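Encoded as structure tokens, the structure appears first; notes follow it.
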Amino acid sequence: MLESSQQKGQSLAQQVASKMEEFIKEQRYKGGDKLPNEFELATELNVGRGTIREAIKLLAARNVVIIQRGKGTFVSENPGLTEDPLGLSFITDKKRLSHDLMDVRVMIEPEIAKLAAEHATPAEVEEMEAICLVIEKLIHENKNHEEKDIQLHSAIAKASKNVVVPSLIPIIQTAISLFINLTNRSLKEETIETHRQIVEAIKIKDGEAAKKAMQRHLGYNKDELKI
């Protein structure tokens, strides 16, 4: 039974949202799984359907679930992970932000690459190699490779198999987007070569080499920001 809102200091909808989170975890729902309908959830949690609707809106605002009109409510692919978790979009000095984000990347991404070398599956390595080829093609055609660059670094982060690292991906994405836009995609062959070195080290499971290759990659980027 749900506790009273006075006991919890929360509205009934907030209490139900918390119970629904527990339900999602207990039932081991994964990203993309469809939740029971309003009637079933109302019965399960012993509350009205209106309260269920309010609770679902609260969960959607936190990216725990996604509402698809006419289809139902689905668990988010990255529950609770928003696109801008640190509110970086509100920082107006983009050059300063890019410098500081690069410092953060230097602190964490070499270690992430090392973990990826230790834990990446053959399928994940194949995905990284394929993304590298697309990036090379886009760079040689003088086209924007931002989306694929983000995809590569995200794939490396996920391959680390560290449960916290995926939560850092939006920060890495913001950093890459800012860097590419501020430097007008000026790094070309350096990007291609260091990407290859990182992925090759991950492929042969050489953690130290992957770490050093990522350090070189970020070093080029950091030097470019100083120009």
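As shown in the structure tokens, the chain order sets the letters A, B, ...; within each chain, residues go from 1, and ligands are also counted from 1 in the order they appear.
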Chain A: residues DSSP assigns to alpha helix (DSSP H), reported as an MDAnalysis selection string: chainID A and resid 5:8 12:26 38:45 49:61 94:119 122:140 146:159 169:183 189:203 207:226
12 Å contact set for Ile192 (chain A), only C-alpha atoms, chain neighbours under 6 positions out, as an NGL selection string: :A and (129 or 131-140 or 145 or 149 or 152 or 198-199 or 213 or 217 or 220)
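The closest residue to Leu182 (chain A), picked from A:Ala130, A:Leu97, A:Ile52, A:Ala116 and counting only C-alpha atoms, is A:Leu97.
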Would you list the contacts of region 60-75 of chain A as a tab-separated table (two decimals) with N, CA and C atoms, in the first residue's frame, taking every protein, DNA or RNA residue within 9 Å and counting only C-alpha atoms, but skipping same-chain residues closer than 2 positions in sequence?
chain	number	residue	atom	x	y	z
A	21	GLU	N	8.81	2.99	-10.93
A	21	GLU	CA	10.24	2.75	-11.14
A	21	GLU	C	10.66	1.42	-10.52
A	24	ILE	N	9.39	-1.40	-12.67
A	24	ILE	CA	10.20	-1.57	-13.89
A	24	ILE	C	11.47	-2.35	-13.57
A	29	TYR	N	12.40	-4.89	-16.84
A	29	TYR	CA	12.11	-4.32	-18.15
A	29	TYR	C	13.37	-3.70	-18.73
A	30	LYS	N	13.54	-3.85	-20.03
A	30	LYS	CA	14.70	-3.28	-20.72
A	30	LYS	C	14.25	-2.14	-21.62
A	31	GLY	N	15.22	-1.38	-22.12
A	31	GLY	CA	14.92	-0.28	-23.02
A	31	GLY	C	14.11	-0.75	-24.22
A	32	GLY	N	13.00	-0.06	-24.49
A	32	GLY	CA	12.14	-0.43	-25.62
A	32	GLY	C	10.99	-1.33	-25.24
A	33	ASP	N	11.02	-1.91	-24.04
A	33	ASP	CA	9.92	-2.78	-23.60
A	33	ASP	C	8.68	-1.95	-23.31
A	34	LYS	N	7.52	-2.51	-23.66
A	34	LYS	CA	6.25	-1.82	-23.43
A	34	LYS	C	5.72	-2.15	-22.04
A	35	LEU	N	5.26	-1.11	-21.35
A	35	LEU	CA	4.70	-1.30	-20.02
A	35	LEU	C	3.23	-1.72	-20.13
A	36	PRO	N	2.67	-2.32	-19.07
A	36	PRO	CA	1.24	-2.63	-19.07
A	36	PRO	C	0.42	-1.36	-19.28
A	37	ASN	N	-0.84	-1.50	-19.71
A	37	ASN	CA	-1.66	-0.33	-19.96
A	37	ASN	C	-2.11	0.33	-18.65
A	55	ALA	N	1.61	10.07	-13.04
A	55	ALA	CA	2.88	9.44	-12.71
A	55	ALA	C	3.71	9.17	-13.96
A	56	ILE	N	3.04	8.74	-15.02
A	56	ILE	CA	3.73	8.46	-16.28
A	56	ILE	C	4.33	9.75	-16.86
A	57	LYS	N	3.60	10.87	-16.73
A	57	LYS	CA	4.12	12.16	-17.20
A	57	LYS	C	5.39	12.54	-16.43
A	58	LEU	N	5.39	12.28	-15.12
A	58	LEU	CA	6.57	12.58	-14.30
A	58	LEU	C	7.75	11.73	-14.74
A	77	GLU	N	15.43	3.86	-23.65
A	77	GLU	CA	16.66	3.11	-23.92
A	77	GLU	C	17.73	3.41	-22.88
A	78	ASN	N	17.73	4.65	-22.37
A	78	ASN	CA	18.68	5.05	-21.32
A	78	ASN	C	17.88	5.69	-20.19
A	79	PRO	N	17.20	4.87	-19.38
A	79	PRO	CA	16.32	5.41	-18.35
A	79	PRO	C	16.99	6.41	-17.42
A	80	GLY	N	16.35	7.56	-17.29
A	80	GLY	CA	16.86	8.58	-16.37
A	80	GLY	C	17.97	9.43	-16.93
A	81	LEU	N	18.45	9.11	-18.13
A	81	LEU	CA	19.57	9.85	-18.71
A	81	LEU	C	19.04	10.88	-19.69
A	82	THR	N	19.22	12.16	-19.36
A	82	THR	CA	18.75	13.23	-20.24
A	82	THR	C	19.87	13.67	-21.18
Computed interatomic separation between CA of Lys94 (chain A) and CA of Met107 (chain A) (Å): 19.8 Å
Coordinates-based distance that separates CA of Ala113 (chain A) from CA of Asn221 (chain A) (Å, one decimal):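 We find that CA of Asn221 (chain A) and CA of Ala113 (chain A) lie 16.4 Å from each other.
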Selection near Lys226 (chain A), 12 Å with only C-alpha atoms, sequence-local residues under 2 positions removed, as a list in words: Lys95, Arg96, Ser98, His99, Met102, Phe179, Leu182, Thr183, Gly219, Tyr220, Asn221, Lys222, Asp223 and Glu224 of chain A
Selected residues written out with N, CA, C and O atoms, as a PDB file, in the first residue's frame:
ATOM      1  N   LYS A  95      33.526  28.839 -25.904  1.00  0.00           N
ATOM      2  CA  LYS A  95      34.954  28.533 -26.039  1.00  0.00           C
ATOM      3  C   LYS A  95      35.506  28.054 -24.693  1.00  0.00           C
ATOM      4  O   LYS A  95      36.249  27.078 -24.625  1.00  0.00           O
ATOM      5  N   ARG A  96      35.159  28.760 -23.626  1.00  0.00           N
ATOM      6  CA  ARG A  96      35.589  28.346 -22.275  1.00  0.00           C
ATOM      7  C   ARG A  96      35.022  26.962 -21.956  1.00  0.00           C
ATOM      8  O   ARG A  96      35.722  26.104 -21.406  1.00  0.00           O
ATOM      9  N   SER A  98      34.209  24.609 -24.044  1.00  0.00           N
ATOM     10  CA  SER A  98      34.904  23.606 -24.842  1.00  0.00           C
ATOM     11  C   SER A  98      36.264  23.262 -24.240  1.00  0.00           C
ATOM     12  O   SER A  98      36.649  22.093 -24.168  1.00  0.00           O
ATOM     13  N   HIS A  99      36.994  24.276 -23.782  1.00  0.00           N
ATOM     14  CA  HIS A  99      38.299  24.059 -23.131  1.00  0.00           C
ATOM     15  C   HIS A  99      38.131  23.191 -21.885  1.00  0.00           C
ATOM     16  O   HIS A  99      38.881  22.231 -21.671  1.00  0.00           O
ATOM     17  N   MET A 102      37.185  19.653 -22.629  1.00  0.00           N
ATOM     18  CA  MET A 102      38.349  18.911 -23.124  1.00  0.00           C
ATOM     19  C   MET A 102      39.208  18.438 -21.956  1.00  0.00           C
ATOM     20  O   MET A 102      39.722  17.306 -21.961  1.00  0.00           O
ATOM     21  N   PHE A 179      33.613  21.126 -30.043  1.00  0.00           N
ATOM     22  CA  PHE A 179      34.964  21.147 -30.618  1.00  0.00           C
ATOM     23  C   PHE A 179      34.906  21.223 -32.147  1.00  0.00           C
ATOM     24  O   PHE A 179      35.595  22.045 -32.761  1.00  0.00           O
ATOM     25  N   LEU A 182      33.646  24.676 -33.242  1.00  0.00           N
ATOM     26  CA  LEU A 182      34.576  25.775 -32.967  1.00  0.00           C
ATOM     27  C   LEU A 182      35.808  25.726 -33.866  1.00  0.00           C
ATOM     28  O   LEU A 182      36.380  26.757 -34.218  1.00  0.00           O
ATOM     29  N   THR A 183      36.237  24.525 -34.227  1.00  0.00           N
ATOM     30  CA  THR A 183      37.455  24.381 -35.046  1.00  0.00           C
ATOM     31  C   THR A 183      37.142  24.198 -36.524  1.00  0.00           C
ATOM     32  O   THR A 183      38.052  24.058 -37.352  1.00  0.00           O
ATOM     33  N   GLY A 219      45.032  15.009 -27.273  1.00  0.00           N
ATOM     34  CA  GLY A 219      46.105  15.998 -27.288  1.00  0.00           C
ATOM     35  C   GLY A 219      46.052  16.869 -28.542  1.00  0.00           C
ATOM     36  O   GLY A 219      46.205  18.091 -28.469  1.00  0.00           O
ATOM     37  N   TYR A 220      45.835  16.243 -29.705  1.00  0.00           N
ATOM     38  CA  TYR A 220      45.668  17.001 -30.952  1.00  0.00           C
ATOM     39  C   TYR A 220      44.500  17.978 -30.827  1.00  0.00           C
ATOM     40  O   TYR A 220      44.577  19.139 -31.233  1.00  0.00           O
ATOM     41  N   ASN A 221      43.393  17.472 -30.266  1.00  0.00           N
ATOM     42  CA  ASN A 221      42.203  18.310 -30.124  1.00  0.00           C
ATOM     43  C   ASN A 221      42.470  19.503 -29.207  1.00  0.00           C
ATOM     44  O   ASN A 221      42.068  20.638 -29.498  1.00  0.00           O
ATOM     45  N   LYS A 222      43.143  19.226 -28.092  1.00  0.00           N
ATOM     46  CA  LYS A 222      43.416  20.289 -27.133  1.00  0.00           C
ATOM     47  C   LYS A 222      44.331  21.348 -27.722  1.00  0.00           C
ATOM     48  O   LYS A 222      44.109  22.556 -27.527  1.00  0.00           O
ATOM     49  N   ASP A 223      45.346  20.913 -28.459  1.00  0.00           N
ATOM     50  CA  ASP A 223      46.259  21.866 -29.113  1.00  0.00           C
ATOM     51  C   ASP A 223      45.512  22.721 -30.121  1.00  0.00           C
ATOM     52  O   ASP A 223      45.790  23.919 -30.268  1.00  0.00           O
ATOM     53  N   GLU A 224      44.566  22.119 -30.825  1.00  0.00           N
ATOM     54  CA  GLU A 224      43.803  22.856 -31.848  1.00  0.00           C
ATOM     55  C   GLU A 224      42.948  23.948 -31.217  1.00  0.00           C
ATOM     56  O   GLU A 224      42.759  25.022 -31.808  1.00  0.00           O
TER      57      GLU A 224
END
Counting only C-alpha atoms, the option among A:Lys203, A:Arg53, A:Lys161, A:Lys143 closest to Glu127 (chain A):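 Going through A:Lys203, A:Arg53, A:Lys161, A:Lys143 one by one, the smallest distance to Glu127 (chain A) is for A:Lys203.
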Among the residues A:Ser89, A:Ser11, A:Leu59, A:Met128, the one that comes closest to Glu200 (chain A) [using only C-alpha atoms]: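 For Glu200 (chain A), the nearest of the given residues is A:Met128.
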All residues 7 Å or closer to Lys205 (chain A), only C-alpha atoms, same chain fewer than 2 positions away omitted, as JSON, numbers by chain: {"A": [117, 118, 201, 202, 203, 207]}
I need the residues from that last selection saved to file as a JSON list (two decimals), in the first residue's frame (with N, CA and C atoms), if you can.
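Now in result35.json:
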[["chain", "number", "residue", "atom", "x", "y", "z"],
["A", 117, "ALA", "N", 39.32, -1.81, -24.25],
["A", 117, "ALA", "CA", 40.28, -2.81, -24.76],
["A", 117, "ALA", "C", 40.19, -4.10, -23.96],
["A", 118, "GLU", "N", 39.87, -3.98, -22.71],
["A", 118, "GLU", "CA", 39.79, -5.16, -21.85],
["A", 118, "GLU", "C", 38.47, -5.92, -21.99],
["A", 201, "ALA", "N", 44.05, -0.81, -31.05],
["A", 201, "ALA", "CA", 44.49, -1.22, -29.72],
["A", 201, "ALA", "C", 43.37, -1.94, -28.97],
["A", 202, "ILE", "N", 42.15, -1.45, -29.13],
["A", 202, "ILE", "CA", 41.00, -2.12, -28.50],
["A", 202, "ILE", "C", 40.83, -3.51, -29.09],
["A", 203, "LYS", "N", 41.03, -3.62, -30.40],
["A", 203, "LYS", "CA", 40.85, -4.90, -31.10],
["A", 203, "LYS", "C", 41.84, -5.96, -30.59],
["A", 207, "GLY", "N", 45.26, -2.60, -23.48],
["A", 207, "GLY", "CA", 44.70, -1.49, -22.74],
["A", 207, "GLY", "C", 45.60, -0.27, -22.68]]
